[in-house]
$ cat data.csv   # CSV, C-alpha atoms and all ligand atoms
chain,number,residue,atom,x,y,z
P,48,MET,CA,10.0,-3.9,21.6
P,49,ALA,CA,8.0,-6.9,20.4
P,50,HIS,CA,7.3,-6.0,16.8
P,51,GLY,CA,9.7,-8.2,14.8
P,52,PRO,CA,8.8,-10.2,11.7
P,53,SER,CA,8.0,-13.3,13.8
P,54,LEU,CA,4.7,-11.7,14.7
P,55,PHE,CA,3.8,-11.7,11.0
P,56,GLU,CA,4.5,-15.4,10.6
P,57,VAL,CA,1.3,-16.8,11.9
P,58,ALA,CA,-0.6,-17.4,8.6
P,59,GLU,CA,1.2,-15.3,6.1
P,60,ARG,CA,1.3,-18.1,3.5
P,61,VAL,CA,-1.5,-20.5,2.9
P,62,GLU,CA,-1.3,-23.4,0.3
P,63,GLY,CA,-3.4,-22.7,-2.8
P,64,ASP,CA,-4.3,-19.3,-1.4
P,65,THR,CA,-6.5,-16.8,-3.3
P,66,LEU,CA,-7.7,-13.3,-2.6
P,67,GLU,CA,-11.2,-14.6,-2.0
P,68,ARG,CA,-10.0,-17.1,0.6
P,69,THR,CA,-8.0,-14.4,2.3
P,70,CYS,CA,-11.0,-12.1,2.4
P,71,SER,CA,-13.2,-14.9,3.7
P,72,ASP,CA,-10.7,-15.8,6.4
P,73,LEU,CA,-10.5,-12.1,7.4
P,74,GLY,CA,-14.3,-12.1,7.7
P,75,ASP,CA,-15.9,-9.5,10.0
P,76,CYS,CA,-12.5,-9.1,11.6
P,77,LYS,CA,-12.1,-8.0,15.2
P,78,ARG,CA,-8.5,-9.0,15.6
P,79,CYS,CA,-7.4,-5.5,16.7
P,80,LYS,CA,-9.0,-2.4,18.3
P,81,LEU,CA,-9.4,-0.7,14.9
P,82,HIS,CA,-12.6,-2.7,14.3
P,83,ARG,CA,-14.4,-0.6,16.9
P,84,HIS,CA,-14.9,2.6,14.9
P,85,ARG,CA,-14.8,1.4,11.3
P,86,ASN,CA,-17.7,1.5,9.0
P,87,LYS,CA,-16.3,-0.9,6.3
P,88,ILE,CA,-13.2,-3.0,6.1
P,89,VAL,CA,-11.1,-1.9,3.2
P,90,PHE,CA,-9.7,-5.2,1.9
P,91,GLY,CA,-8.0,-3.9,-1.3
P,92,ALA,CA,-9.0,-3.5,-4.9
P,93,GLY,CA,-7.7,-4.2,-8.4
P,94,SER,CA,-6.4,-7.0,-10.5
P,95,PRO,CA,-5.7,-10.4,-8.8
P,96,THR,CA,-2.9,-10.9,-11.3
P,97,ALA,CA,-1.4,-7.4,-11.1
P,98,GLU,CA,2.2,-6.9,-11.9
P,99,LEU,CA,2.2,-3.8,-9.8
P,100,MET,CA,0.9,-3.2,-6.3
P,101,PHE,CA,0.5,0.0,-4.4
P,102,ILE,CA,0.5,-0.2,-0.6
P,103,GLY,CA,-0.4,2.7,1.7
P,104,GLU,CA,-0.8,3.0,5.4
P,105,GLY,CA,-4.6,2.7,6.1
P,106,PRO,CA,-8.1,3.8,5.1
P,107,GLY,CA,-9.2,7.4,5.7
P,108,HIS,CA,-12.7,8.9,5.9
P,109,ASP,CA,-13.8,8.3,2.4
P,110,GLU,CA,-12.3,4.8,2.2
P,111,ASP,CA,-14.0,3.8,5.4
P,112,LEU,CA,-17.3,4.9,4.1
P,113,GLN,CA,-16.9,3.2,0.7
P,114,GLY,CA,-14.9,0.1,1.7
P,115,LEU,CA,-12.5,0.9,-1.1
P,116,PRO,CA,-8.8,2.0,-1.0
P,117,PHE,CA,-7.6,5.4,-2.0
P,118,VAL,CA,-10.8,7.0,-3.1
P,119,GLY,CA,-10.4,10.5,-1.4
P,120,ARG,CA,-8.3,13.4,-2.6
P,121,ALA,CA,-5.1,11.4,-2.1
P,122,GLY,CA,-6.7,8.6,-4.0
P,123,GLN,CA,-7.4,10.9,-6.9
P,124,LEU,CA,-3.8,11.9,-7.1
P,125,LEU,CA,-2.8,8.2,-6.9
P,126,THR,CA,-5.1,7.5,-9.8
P,127,GLN,CA,-3.4,10.3,-11.8
P,128,MET,CA,0.0,8.7,-10.9
P,129,ILE,CA,-1.2,5.3,-12.1
P,130,GLU,CA,-2.5,6.7,-15.3
P,131,ALA,CA,0.7,8.7,-15.9
P,132,MET,CA,2.4,5.3,-15.8
P,133,GLY,CA,0.2,4.1,-18.7
P,134,LEU,CA,-2.0,1.9,-16.5
P,135,SER,CA,-5.5,2.0,-15.0
P,136,ARG,CA,-6.5,1.3,-11.5
P,137,GLY,CA,-8.1,-2.0,-12.6
P,138,GLU,CA,-4.7,-3.2,-13.9
P,139,VAL,CA,-2.9,-2.7,-10.6
P,140,TYR,CA,-3.7,-3.8,-7.0
P,141,ILE,CA,-4.1,-1.2,-4.2
P,142,ALA,CA,-4.1,-2.1,-0.5
P,143,ASN,CA,-3.0,-0.8,2.9
P,144,VAL,CA,-1.1,-2.2,5.9
P,145,VAL,CA,-4.2,-1.9,8.0
P,146,LYS,CA,-7.7,-2.5,6.6
P,147,CYS,CA,-9.7,-0.4,9.1
P,148,ARG,CA,-9.5,3.3,9.6
P,149,PRO,CA,-7.5,4.5,12.5
P,150,PRO,CA,-9.4,7.1,14.6
P,151,GLU,CA,-8.6,10.7,13.7
P,152,ASN,CA,-6.5,9.4,10.9
P,153,ARG,CA,-3.6,8.6,13.3
P,154,ALA,CA,-0.9,6.2,12.2
P,155,PRO,CA,-1.7,2.6,12.9
P,156,GLU,CA,-0.1,1.3,16.0
P,157,LYS,CA,2.3,-1.7,16.1
P,158,ASP,CA,-0.1,-4.2,17.5
P,159,GLU,CA,-2.7,-3.2,14.9
P,160,VAL,CA,-0.1,-3.6,12.1
P,161,ALA,CA,0.9,-6.9,13.5
P,162,SER,CA,-2.7,-8.1,13.6
P,163,CYS,CA,-3.5,-7.0,10.0
P,164,MET,CA,-0.2,-7.6,8.2
P,165,PRO,CA,-0.6,-11.4,7.7
P,166,PHE,CA,-3.6,-10.7,5.5
P,167,LEU,CA,-1.7,-8.2,3.4
P,168,LEU,CA,1.2,-10.7,3.1
P,169,ARG,CA,-1.3,-13.3,1.9
P,170,GLN,CA,-2.6,-10.9,-0.7
P,171,ILE,CA,1.0,-10.2,-1.9
P,172,ALA,CA,1.7,-14.0,-2.0
P,173,SER,CA,-1.5,-14.6,-4.0
P,174,ILE,CA,-1.0,-11.8,-6.5
P,175,GLN,CA,2.8,-12.3,-6.9
P,176,PRO,CA,3.4,-8.8,-8.2
P,177,LYS,CA,6.7,-8.0,-9.9
P,178,ALA,CA,6.9,-4.6,-8.2
P,179,ILE,CA,5.4,-3.0,-5.1
P,180,VAL,CA,5.2,0.8,-4.7
P,181,CYS,CA,5.2,1.5,-1.0
P,182,LEU,CA,3.5,4.8,-0.3
P,183,GLY,CA,4.8,6.8,2.7
P,184,SER,CA,6.9,6.2,5.7
P,185,VAL,CA,4.2,4.3,7.8
P,186,ALA,CA,3.7,1.6,5.1
P,187,MET,CA,7.4,1.4,4.4
P,188,GLN,CA,8.4,1.1,8.1
P,189,ALA,CA,5.7,-1.6,8.6
P,190,LEU,CA,6.6,-3.7,5.6
P,191,LEU,CA,10.3,-3.5,6.0
P,192,ASN,CA,10.3,-3.5,9.8
P,193,THR,CA,12.6,-0.5,9.9
P,194,ASN,CA,12.7,2.9,11.7
P,195,LYS,CA,14.4,4.6,8.7
P,196,ALA,CA,12.8,7.7,7.3
P,197,ILE,CA,11.1,7.5,3.9
P,198,SER,CA,13.4,10.3,2.7
P,199,ARG,CA,16.4,8.0,3.2
P,200,LEU,CA,15.0,5.0,1.4
P,201,ARG,CA,12.8,6.4,-1.3
P,202,GLY,CA,13.8,5.8,-4.8
P,203,GLU,CA,15.9,2.7,-4.1
P,204,TRP,CA,14.8,-0.8,-5.0
P,205,ILE,CA,14.5,-3.3,-2.1
P,206,ASP,CA,13.9,-7.0,-2.5
P,207,PHE,CA,10.7,-8.0,-0.8
P,208,ARG,CA,9.1,-11.4,-0.8
P,209,GLY,CA,9.9,-12.2,-4.4
P,210,ALA,CA,9.0,-8.7,-5.6
P,211,ARG,CA,11.0,-5.5,-5.9
P,212,LEU,CA,9.7,-2.8,-3.6
P,213,MET,CA,10.1,0.9,-4.3
P,214,PRO,CA,9.4,3.3,-1.4
P,215,THR,CA,8.1,6.7,-2.4
P,216,TYR,CA,6.1,9.5,-0.8
P,217,HIS,CA,2.4,9.1,0.0
P,218,PRO,CA,0.0,11.1,-2.3
P,219,ALA,CA,-1.4,12.8,0.8
P,220,TYR,CA,2.2,14.1,1.5
P,221,LEU,CA,2.3,15.4,-2.1
P,222,LEU,CA,-1.0,17.2,-1.7
P,223,ARG,CA,0.7,19.1,1.2
P,224,ASN,CA,4.1,19.3,-0.5
P,225,PRO,CA,3.6,19.5,-4.3
P,226,HIS,CA,7.3,20.4,-4.7
P,227,ALA,CA,8.1,16.7,-4.0
P,228,LYS,CA,6.1,15.5,-7.0
P,229,PRO,CA,9.2,15.4,-9.3
P,230,GLU,CA,10.9,13.0,-6.9
P,231,VAL,CA,7.9,10.7,-6.9
P,232,TRP,CA,7.8,10.8,-10.7
P,233,THR,CA,11.5,9.9,-10.8
P,234,ASP,CA,10.7,6.8,-8.6
P,235,LEU,CA,7.7,5.8,-10.7
P,236,LYS,CA,9.8,6.0,-13.8
P,237,LYS,CA,12.2,3.5,-12.3
P,238,VAL,CA,9.2,1.2,-11.8
P,239,MET,CA,8.0,1.8,-15.3
P,240,ALA,CA,11.4,0.9,-16.7
P,241,TYR,CA,11.5,-2.3,-14.7
P,242,LEU,CA,8.0,-3.3,-15.9
P,243,GLY,CA,8.6,-2.2,-19.5
P,244,LEU,CA,5.8,0.4,-19.3
P,245,LYS,CA,5.6,3.4,-21.6
P,246,PRO,CA,3.7,6.6,-20.5
P,247,PRO,CA,0.7,7.6,-22.5
P,248,ILE,CA,1.4,10.5,-24.9
P,249,ARG,CA,-0.2,13.0,-22.5
P,250,GLY,CA,2.1,11.9,-19.7
P,251,ALA,CA,5.2,11.6,-21.8
P,252,SER,CA,6.3,15.3,-21.2
P,253,ARG,CA,6.3,14.9,-17.4
P,254,SER,CA,9.7,14.9,-15.8
P,301,LIG,S1,-7.3,-3.4,11.0
P,301,LIG,FE1,-7.1,-5.5,10.2
P,301,LIG,S2,-6.7,-6.8,12.0
P,301,LIG,FE2,-7.6,-4.8,12.8
P,301,LIG,S3,-9.8,-5.2,12.9
P,301,LIG,FE3,-9.4,-4.3,10.9
P,301,LIG,S4,-9.1,-6.0,9.4
P,301,LIG,FE4,-8.9,-6.8,11.6

$ encode --input "data.csv" --output "structure tokens"
Amino acid sequence: MAHGPSLFEVAERVEGDTLERTCSDLGDCKRCKLHRHRNKIVFGAGSPTAELMFIGEGPGHDEDLQGLPFVGRAGQLLTQMIEAMGLSRGEVYIANVVKCRPPENRAPEKDEVASCMPFLLRQIASIQPKAIVCLGSVAMQALLNTNKAISRLRGEWIDFRGARLMPTYHPAYLLRNPHAKPEVWTDLKKVMAYLGLKPPIRGASRS
């Protein structure tokens, strides 16, 4: 199967790169078939100097309409997770492995990920986060080029492009399986410890 990292090496690093330049180069992108049904490209949002990035799989219905990542129900839960870590959405950076909504919310296909990934890699290279929280199996498998299940790799640090990457469950999974929330909180606490973050008083009793 032709989906190795070499496909991602086209323009994943650009000298003097910025998020603005990456967004400009992306333009009105039609590099993969996902452009056909999208309303808005969801480039990503947050601080260009964030120490922490969250990366999910792709936009859903609400994100496609607003052009912003994680603004639906799963996004509200992600916001709660970020705030429980003592941060705000404006202090982190949130993006996805594909920037256009897959039809029927299916998982993005390999050719779509390969087309879009260089832009995400440029965003990571510009932001230079210390830590990346990878949300769900689709994002983890795309970023790490692995077929391993999220349940096998979650909770373990993985070195990734100068950052430390922590795979954990996607907030949409947590909405369907709230019993998995403590595992995600355990993962997020590792990220907090690494970044020297302290939870706000309200979140301090969570465990
Ligand atoms: S998913 Fe990415 S590569 Fe495909 S059309 Fe959208 S922005 Fe372009």

$ closest_residue --input "data.csv" --among "P:Ala97, P:Ala131, P:Ala210, P:Val118" --to "Ile179 in chain P" --atoms "only C-alpha atoms"
P:Ala210

$ residues_near_point --input "data.csv" --point "(3.3, -9.2, 7.2)" --cutoff "7 Å" --atoms "all atoms listed in the file" --output "list in words"
Phe55, Glu59, Met164, Pro165, Leu167, Leu168 and Leu190 of chain P

$ write_last_selection --input "data.csv" --atoms "C-alpha atoms" --output "PDB file, keeping the file's coordinate frame"
ATOM      1  CA  PHE P  55       3.800 -11.700  11.000  1.00  0.00           C
ATOM      2  CA  GLU P  59       1.200 -15.300   6.100  1.00  0.00           C
ATOM      3  CA  MET P 164      -0.200  -7.600   8.200  1.00  0.00           C
ATOM      4  CA  PRO P 165      -0.600 -11.400   7.700  1.00  0.00           C
ATOM      5  CA  LEU P 167      -1.700  -8.200   3.400  1.00  0.00           C
ATOM      6  CA  LEU P 168       1.200 -10.700   3.100  1.00  0.00           C
ATOM      7  CA  LEU P 190       6.600  -3.700   5.600  1.00  0.00           C
TER       8      LEU P 190
END

$ residues_around --input "data.csv" --residues "Asp72 in chain P" --least-positions-apart "3" --cutoff "12 Å" --atoms "all atoms listed in the file" --output "list of chain:residue names"
P:Ala58, P:Glu59, P:Val61, P:Asp64, P:Thr65, P:Leu66, P:Glu67, P:Arg68, P:Thr69, P:Asp75, P:Cys76, P:Lys77, P:Arg78, P:Phe90, P:Cys163, P:Pro165, P:Phe166, P:Arg169, P:Gln170

$ write_last_selection --input "data.csv" --atoms "C-alpha atoms" --output "PDB file, in the frame of the given file"
ATOM      1  CA  ALA P  58      -0.600 -17.400   8.600  1.00  0.00           C
ATOM      2  CA  GLU P  59       1.200 -15.300   6.100  1.00  0.00           C
ATOM      3  CA  VAL P  61      -1.500 -20.500   2.900  1.00  0.00           C
ATOM      4  CA  ASP P  64      -4.300 -19.300  -1.400  1.00  0.00           C
ATOM      5  CA  THR P  65      -6.500 -16.800  -3.300  1.00  0.00           C
ATOM      6  CA  LEU P  66      -7.700 -13.300  -2.600  1.00  0.00           C
ATOM      7  CA  GLU P  67     -11.200 -14.600  -2.000  1.00  0.00           C
ATOM      8  CA  ARG P  68     -10.000 -17.100   0.600  1.00  0.00           C
ATOM      9  CA  THR P  69      -8.000 -14.400   2.300  1.00  0.00           C
ATOM     10  CA  ASP P  75     -15.900  -9.500  10.000  1.00  0.00           C
ATOM     11  CA  CYS P  76     -12.500  -9.100  11.600  1.00  0.00           C
ATOM     12  CA  LYS P  77     -12.100  -8.000  15.200  1.00  0.00           C
ATOM     13  CA  ARG P  78      -8.500  -9.000  15.600  1.00  0.00           C
ATOM     14  CA  PHE P  90      -9.700  -5.200   1.900  1.00  0.00           C
ATOM     15  CA  CYS P 163      -3.500  -7.000  10.000  1.00  0.00           C
ATOM     16  CA  PRO P 165      -0.600 -11.400   7.700  1.00  0.00           C
ATOM     17  CA  PHE P 166      -3.600 -10.700   5.500  1.00  0.00           C
ATOM     18  CA  ARG P 169      -1.300 -13.300   1.900  1.00  0.00           C
ATOM     19  CA  GLN P 170      -2.600 -10.900  -0.700  1.00  0.00           C
TER      20      GLN P 170
END

$ atom_distance --input "data.csv" --atom1 "CA of Cys181 in chain P" --atom2 "CA of Tyr216 in chain P"
8.1 Å

$ closest_atom_pairs --input "data.csv" --of "chain P" --to "ligand LIG 301 (chain P)" --cutoff "7 Å" --atoms "only C-alpha atoms and all ligand atoms" --output "CSV"
residue,atom,partner,partner_atom,distance
P:Leu73,CA,P:LIG301,S4,6.6
P:Cys76,CA,P:LIG301,FE4,4.3
P:Lys77,CA,P:LIG301,S3,4.3
P:Arg78,CA,P:LIG301,FE4,4.6
P:Cys79,CA,P:LIG301,FE2,4.0
P:Lys80,CA,P:LIG301,S3,6.1
P:Leu81,CA,P:LIG301,S3,4.9
P:His82,CA,P:LIG301,S3,4.0
P:Ile88,CA,P:LIG301,S4,6.1
P:Val145,CA,P:LIG301,S1,4.6
P:Lys146,CA,P:LIG301,S1,4.5
P:Cys147,CA,P:LIG301,S1,4.3
P:Glu159,CA,P:LIG301,FE2,5.6
P:Ser162,CA,P:LIG301,S2,4.5
P:Cys163,CA,P:LIG301,S2,3.8

$ residues_around --input "data.csv" --residues "Leu200 in chain P" --least-positions-apart "6" --cutoff "9 Å" --atoms "only C-alpha atoms" --output "MDAnalysis selection string"
chainID P and resid 187 213:215

$ closest_residue --input "data.csv" --among "P:Ala219, P:Lys237, P:Glu151, P:Ala161" --to "Asn192 in chain P" --atoms "all atoms listed in the file"
P:Ala161

$ closest_residue --input "data.csv" --among "P:Ala154, P:Leu115, P:Ile205, P:Val89" --to "Ser184 in chain P" --atoms "only C-alpha atoms"
P:Ala154

$ atom_distance --input "data.csv" --atom1 "CA of Trp204 in chain P" --atom2 "CA of Ala227 in chain P"
18.8 Å

$ closest_residue --input "data.csv" --among "P:Ile102, P:Val160, P:Ile129, P:Leu124" --to "Ile141 in chain P" --atoms "all atoms listed in the file"
P:Ile102

$ closest_residue --input "data.csv" --among "P:Met128, P:Ser94, P:Asn143, P:Asp158" --to "Pro116 in chain P" --atoms "only C-alpha atoms"
P:Asn143

$ closest_residue --input "data.csv" --among "P:Pro149, P:Gly91, P:Pro218, P:Ala178" --to "Thr126 in chain P" --atoms "all atoms listed in the file"
P:Pro218

$ atom_distance --input "data.csv" --atom1 "CA of Gly243 in chain P" --atom2 "CA of Ala92 in chain P"
22.9 Å

$ residues_near_point --input "data.csv" --point "(-2.0, 6.8, -18.0)" --cutoff "9 Å" --atoms "only C-alpha atoms" --output "PyMOL selection string"
chain P and resi 126-135+246-250

$ write_last_selection --input "data.csv" --atoms "C-alpha atoms" --output "compact mmCIF listing (two decimals), in the coordinates of the input"
# COMPACT_ATOMS: atom_id res chain seq x y z
CA THR P 126 -5.10 7.50 -9.80
CA GLN P 127 -3.40 10.30 -11.80
CA MET P 128 0.00 8.70 -10.90
CA ILE P 129 -1.20 5.30 -12.10
CA GLU P 130 -2.50 6.70 -15.30
CA ALA P 131 0.70 8.70 -15.90
CA MET P 132 2.40 5.30 -15.80
CA GLY P 133 0.20 4.10 -18.70
CA LEU P 134 -2.00 1.90 -16.50
CA SER P 135 -5.50 2.00 -15.00
CA PRO P 246 3.70 6.60 -20.50
CA PRO P 247 0.70 7.60 -22.50
CA ILE P 248 1.40 10.50 -24.90
CA ARG P 249 -0.20 13.00 -22.50
CA GLY P 250 2.10 11.90 -19.70
